[in-house]
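Report on the following structure.
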Amino acid sequence: MDFVKLKDRIVIEDLSQFNIQQILDCGQIFRYNITDNIAEVISKDKYAKIISHDKYVEIFSNNLDYFENFFDLNNDYNKIKNVLSKDEFLAKCVQYGYGIRILNQDLFEMIVSFIISANNNIKRIKNSLNHLSEKFGDNKGSYYAFPTLQQLKKATVQDYIDAGLGYRAEYMYDTISKLTDKDLTEFKYKSKEERLKFLLNLKGVGEKVAYCILLFALHETSVFPVDTWINKVYNDLTKTTSTNRKAISKDLINRYKDLSGYAQQYFFYYYRSKK
């Protein structure tokens with residue numbers, strides 16, 4: 001995708017591949033605010049302001065290299081959309097969510113975020129993450145950084161309960177304990193199977209949550225997280241009433257192969273927005 005990186009901002013003129021509202025509303029990120037044409041995004045300890053104009057978008061940040069990668073700006077999504085649009089059932093979803101991009105997010109932040117996300121709603125997830133950031137993360141002035149693993153090691157089960165995690169509090173405490181002796185940077189050298197095995201051994205991580213972590217933190221696009229909305233997609237697609245989400249995910253991966261993650265985002269955004 002064409003964009004220009006200036007000293008204090010990135011300018012995107014190809015709006016056929018970038019729509020910040022769609023990017024933020026497709027279930028992959030929780031630490032953001034959007035009002036009218038201005039969005040604010042926090043990832044790890046970094047902040048960006050995104051301003052959408054009629055013919056271009058500006059991304060302001062003191063960490064432009066980080067957000068260039070974060071928004072996957074060097075990936076041409078028109079090529080991806082052209083391939084997926086050959087699927088008649090998916091084509092309308094691609095057209096509707098034309099500006100979606102899969103974010104490259106921090107692995108630890110995604111593990112914490114998606115354990116909290118299980119059987120939860122967006123407002124509560126955001127409130128819990130903001131609570132943990134304000135209590136354990138660094139104060140950056142206008143925002144709080146996401147807490148590091150070392151900072152969350154200080155959290156008790158009660159701290160997680162106070163953050164609104166409910167039954168997930170025990171899961172989070174156990175997971176943080178398991179992660180303390182792990183070097184998460186090694187994950188980029190692991191196979192998909194090794195990554196999946198490790199994640200599934202964490203409390204509170206089932207297949208759907210593990211696939212979300214793989215997709216949104218490690219850009220493993222050959223996975224297909226299945227939630228209520230994707231279950232509806234599958235039943236419409238196959239004219240069935242299946243509720244076996246493990247089998248549904250496997251079938252959809254067989255259908256969309258290495259573009260499964262992209263297909264999932266287009267389906268999810270379309271169905272949740274339209275239905």
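Just remember, in the structure tokens the first chain shown is A, the second B, etc., residues are 1-based per chain, and ligands are 1-based in the order shown.
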If you run DSSP on the backbone here, which positions in region 67-209 of chain A get alpha helix (DSSP H)? Please write them as a PyMOL selection string. chain A and resi 67-70+77-84+88-96+107-117+122-136+149-152+157-162+168-179+192-200+207-209
How about saving the chosen residues, C-alpha atoms kept, as an mmCIF file, in the first residue's frame?
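Dumped to out-v1.cif:
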```
data_model
loop_
_atom_site.group_PDB
_atom_site.id
_atom_site.type_symbol
_atom_site.label_atom_id
_atom_site.label_comp_id
_atom_site.auth_asym_id
_atom_site.auth_seq_id
_atom_site.Cartn_x
_atom_site.Cartn_y
_atom_site.Cartn_z
ATOM 1 C CA PHE A 67 2.966 1.892 13.941
ATOM 2 C CA GLU A 68 4.043 1.341 10.339
ATOM 3 C CA ASN A 69 4.469 -2.318 11.290
ATOM 4 C CA PHE A 70 1.522 -2.281 13.719
ATOM 5 C CA TYR A 77 -4.438 -5.905 0.961
ATOM 6 C CA ASN A 78 -5.884 -5.344 -2.511
ATOM 7 C CA LYS A 79 -4.123 -8.536 -3.612
ATOM 8 C CA ILE A 80 -5.609 -10.416 -0.668
ATOM 9 C CA LYS A 81 -9.086 -9.021 -1.303
ATOM 10 C CA ASN A 82 -8.910 -9.917 -4.991
ATOM 11 C CA VAL A 83 -8.243 -13.556 -4.130
ATOM 12 C CA LEU A 84 -10.882 -13.777 -1.406
ATOM 13 C CA GLU A 88 -18.961 -15.572 -3.933
ATOM 14 C CA PHE A 89 -20.136 -15.978 -0.346
ATOM 15 C CA LEU A 90 -17.215 -13.923 1.019
ATOM 16 C CA ALA A 91 -17.130 -11.254 -1.691
ATOM 17 C CA LYS A 92 -19.859 -9.067 -0.151
ATOM 18 C CA CYS A 93 -18.069 -9.169 3.212
ATOM 19 C CA VAL A 94 -14.777 -8.082 1.640
ATOM 20 C CA GLN A 95 -16.524 -5.223 -0.107
ATOM 21 C CA TYR A 96 -18.221 -4.132 3.116
ATOM 22 C CA LEU A 107 2.267 -11.219 22.141
ATOM 23 C CA PHE A 108 2.056 -10.728 25.914
ATOM 24 C CA GLU A 109 -0.632 -8.070 25.552
ATOM 25 C CA MET A 110 -2.664 -10.394 23.339
ATOM 26 C CA ILE A 111 -2.375 -13.329 25.763
ATOM 27 C CA VAL A 112 -3.710 -11.181 28.600
ATOM 28 C CA SER A 113 -6.343 -9.454 26.438
ATOM 29 C CA PHE A 114 -7.857 -12.570 24.924
ATOM 30 C CA ILE A 115 -7.963 -14.540 28.161
ATOM 31 C CA ILE A 116 -10.037 -11.633 29.482
ATOM 32 C CA SER A 117 -12.109 -11.596 26.269
ATOM 33 C CA ILE A 122 -16.116 -5.264 24.515
ATOM 34 C CA LYS A 123 -16.958 -2.659 27.171
ATOM 35 C CA ARG A 124 -15.988 -4.939 30.054
ATOM 36 C CA ILE A 125 -12.825 -6.107 28.303
ATOM 37 C CA LYS A 126 -11.728 -2.505 27.717
ATOM 38 C CA ASN A 127 -12.516 -1.545 31.317
ATOM 39 C CA SER A 128 -10.518 -4.485 32.688
ATOM 40 C CA LEU A 129 -7.484 -3.748 30.520
ATOM 41 C CA ASN A 130 -7.585 -0.050 31.378
ATOM 42 C CA HIS A 131 -7.862 -0.890 35.089
ATOM 43 C CA LEU A 132 -4.792 -3.164 34.949
ATOM 44 C CA SER A 133 -2.853 -0.590 32.928
ATOM 45 C CA GLU A 134 -3.657 2.218 35.360
ATOM 46 C CA LYS A 135 -2.719 0.127 38.402
ATOM 47 C CA PHE A 136 0.377 -1.677 37.102
ATOM 48 C CA LEU A 149 5.035 -9.293 32.501
ATOM 49 C CA GLN A 150 7.321 -8.205 35.327
ATOM 50 C CA GLN A 151 4.785 -5.618 36.482
ATOM 51 C CA LEU A 152 1.865 -8.063 36.415
ATOM 52 C CA VAL A 157 -5.933 -12.830 42.367
ATOM 53 C CA GLN A 158 -7.852 -10.090 44.188
ATOM 54 C CA ASP A 159 -6.276 -7.476 41.900
ATOM 55 C CA TYR A 160 -7.697 -9.328 38.909
ATOM 56 C CA ILE A 161 -11.079 -9.624 40.591
ATOM 57 C CA ASP A 162 -11.014 -5.871 41.248
ATOM 58 C CA ARG A 168 -10.915 -15.446 34.827
ATOM 59 C CA ALA A 169 -8.937 -14.009 37.755
ATOM 60 C CA GLU A 170 -7.586 -17.433 38.746
ATOM 61 C CA TYR A 171 -6.774 -18.184 35.106
ATOM 62 C CA MET A 172 -4.821 -14.944 34.765
ATOM 63 C CA TYR A 173 -2.873 -15.424 37.973
ATOM 64 C CA ASP A 174 -1.889 -18.949 36.934
ATOM 65 C CA THR A 175 -0.948 -17.861 33.409
ATOM 66 C CA ILE A 176 1.256 -14.991 34.607
ATOM 67 C CA SER A 177 3.014 -17.446 36.925
ATOM 68 C CA LYS A 178 3.661 -19.829 34.019
ATOM 69 C CA LEU A 179 4.985 -17.058 31.791
ATOM 70 C CA LYS A 192 2.586 -23.020 14.372
ATOM 71 C CA GLU A 193 2.094 -26.377 16.099
ATOM 72 C CA GLU A 194 4.603 -25.528 18.855
ATOM 73 C CA ARG A 195 3.009 -22.127 19.426
ATOM 74 C CA LEU A 196 -0.472 -23.646 19.593
ATOM 75 C CA LYS A 197 0.603 -26.374 22.022
ATOM 76 C CA PHE A 198 2.154 -23.839 24.373
ATOM 77 C CA LEU A 199 -0.856 -21.521 24.314
ATOM 78 C CA LEU A 200 -3.353 -24.326 24.913
ATOM 79 C CA GLU A 207 -8.693 -23.101 20.623
ATOM 80 C CA LYS A 208 -10.578 -19.899 19.759
ATOM 81 C CA VAL A 209 -8.510 -17.732 22.138
#
```
Can you list, as a PDB file with C-alpha atoms, in the first residue's frame, every protein, DNA or RNA residue that comes within 10 Å of Ile42 (chain A) when you count only C-alpha atoms, leaving out same-chain residues fewer than 2 positions away?
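New file result_22.pdb:
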```
ATOM      1  CA  ILE A  29      -7.901  -4.680  19.631  1.00  0.00           C
ATOM      2  CA  PHE A  30      -9.342  -3.230  22.843  1.00  0.00           C
ATOM      3  CA  ARG A  31      -7.163  -0.289  23.903  1.00  0.00           C
ATOM      4  CA  TYR A  32      -8.526   2.471  21.724  1.00  0.00           C
ATOM      5  CA  ASN A  33     -10.968   5.351  21.615  1.00  0.00           C
ATOM      6  CA  GLU A  40      -6.485   7.071  19.622  1.00  0.00           C
ATOM      7  CA  LYS A  44       2.314  -1.683  24.701  1.00  0.00           C
ATOM      8  CA  ASP A  45       3.782   1.649  25.860  1.00  0.00           C
ATOM      9  CA  LYS A  46       3.165   3.467  22.568  1.00  0.00           C
ATOM     10  CA  TYR A  47       0.454   5.858  21.420  1.00  0.00           C
ATOM     11  CA  ALA A  48      -0.877   6.988  18.052  1.00  0.00           C
ATOM     12  CA  LYS A  49      -3.537   9.464  16.982  1.00  0.00           C
ATOM     13  CA  TYR A 143      -2.235   7.514  28.944  1.00  0.00           C
ATOM     14  CA  TYR A 144      -0.995   4.412  30.743  1.00  0.00           C
ATOM     15  CA  ALA A 145       1.262   1.830  29.131  1.00  0.00           C
ATOM     16  CA  PHE A 146       0.129  -1.778  29.077  1.00  0.00           C
TER      17      PHE A 146
END
```
Write out as a PyMOL selection string the residues lying within 10 Å of region 258-272 of chain A, counting only C-alpha atoms and excluding same-chain residues fewer than 2 positions away. chain A and resi 22-23+25-28+77+80-81+83-85+89-102+211-212+214-216+219-234+249+252-256+274-275
Distance of CA of Ser43 (chain A) from CA of Gln105 (chain A), expressed in Å to one decimal place: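 If I compute the distance from CA of Gln105 (chain A) to CA of Ser43 (chain A), I get 7.2 Å.
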Nearest to Val11 (chain A) among A:Leu73, A:Ala210, A:Leu218, A:Ala39, with distances taken over only C-alpha atoms: which residue is it?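 Using only C-alpha atoms, the shortest distance to Val11 (chain A) belongs to A:Leu73.
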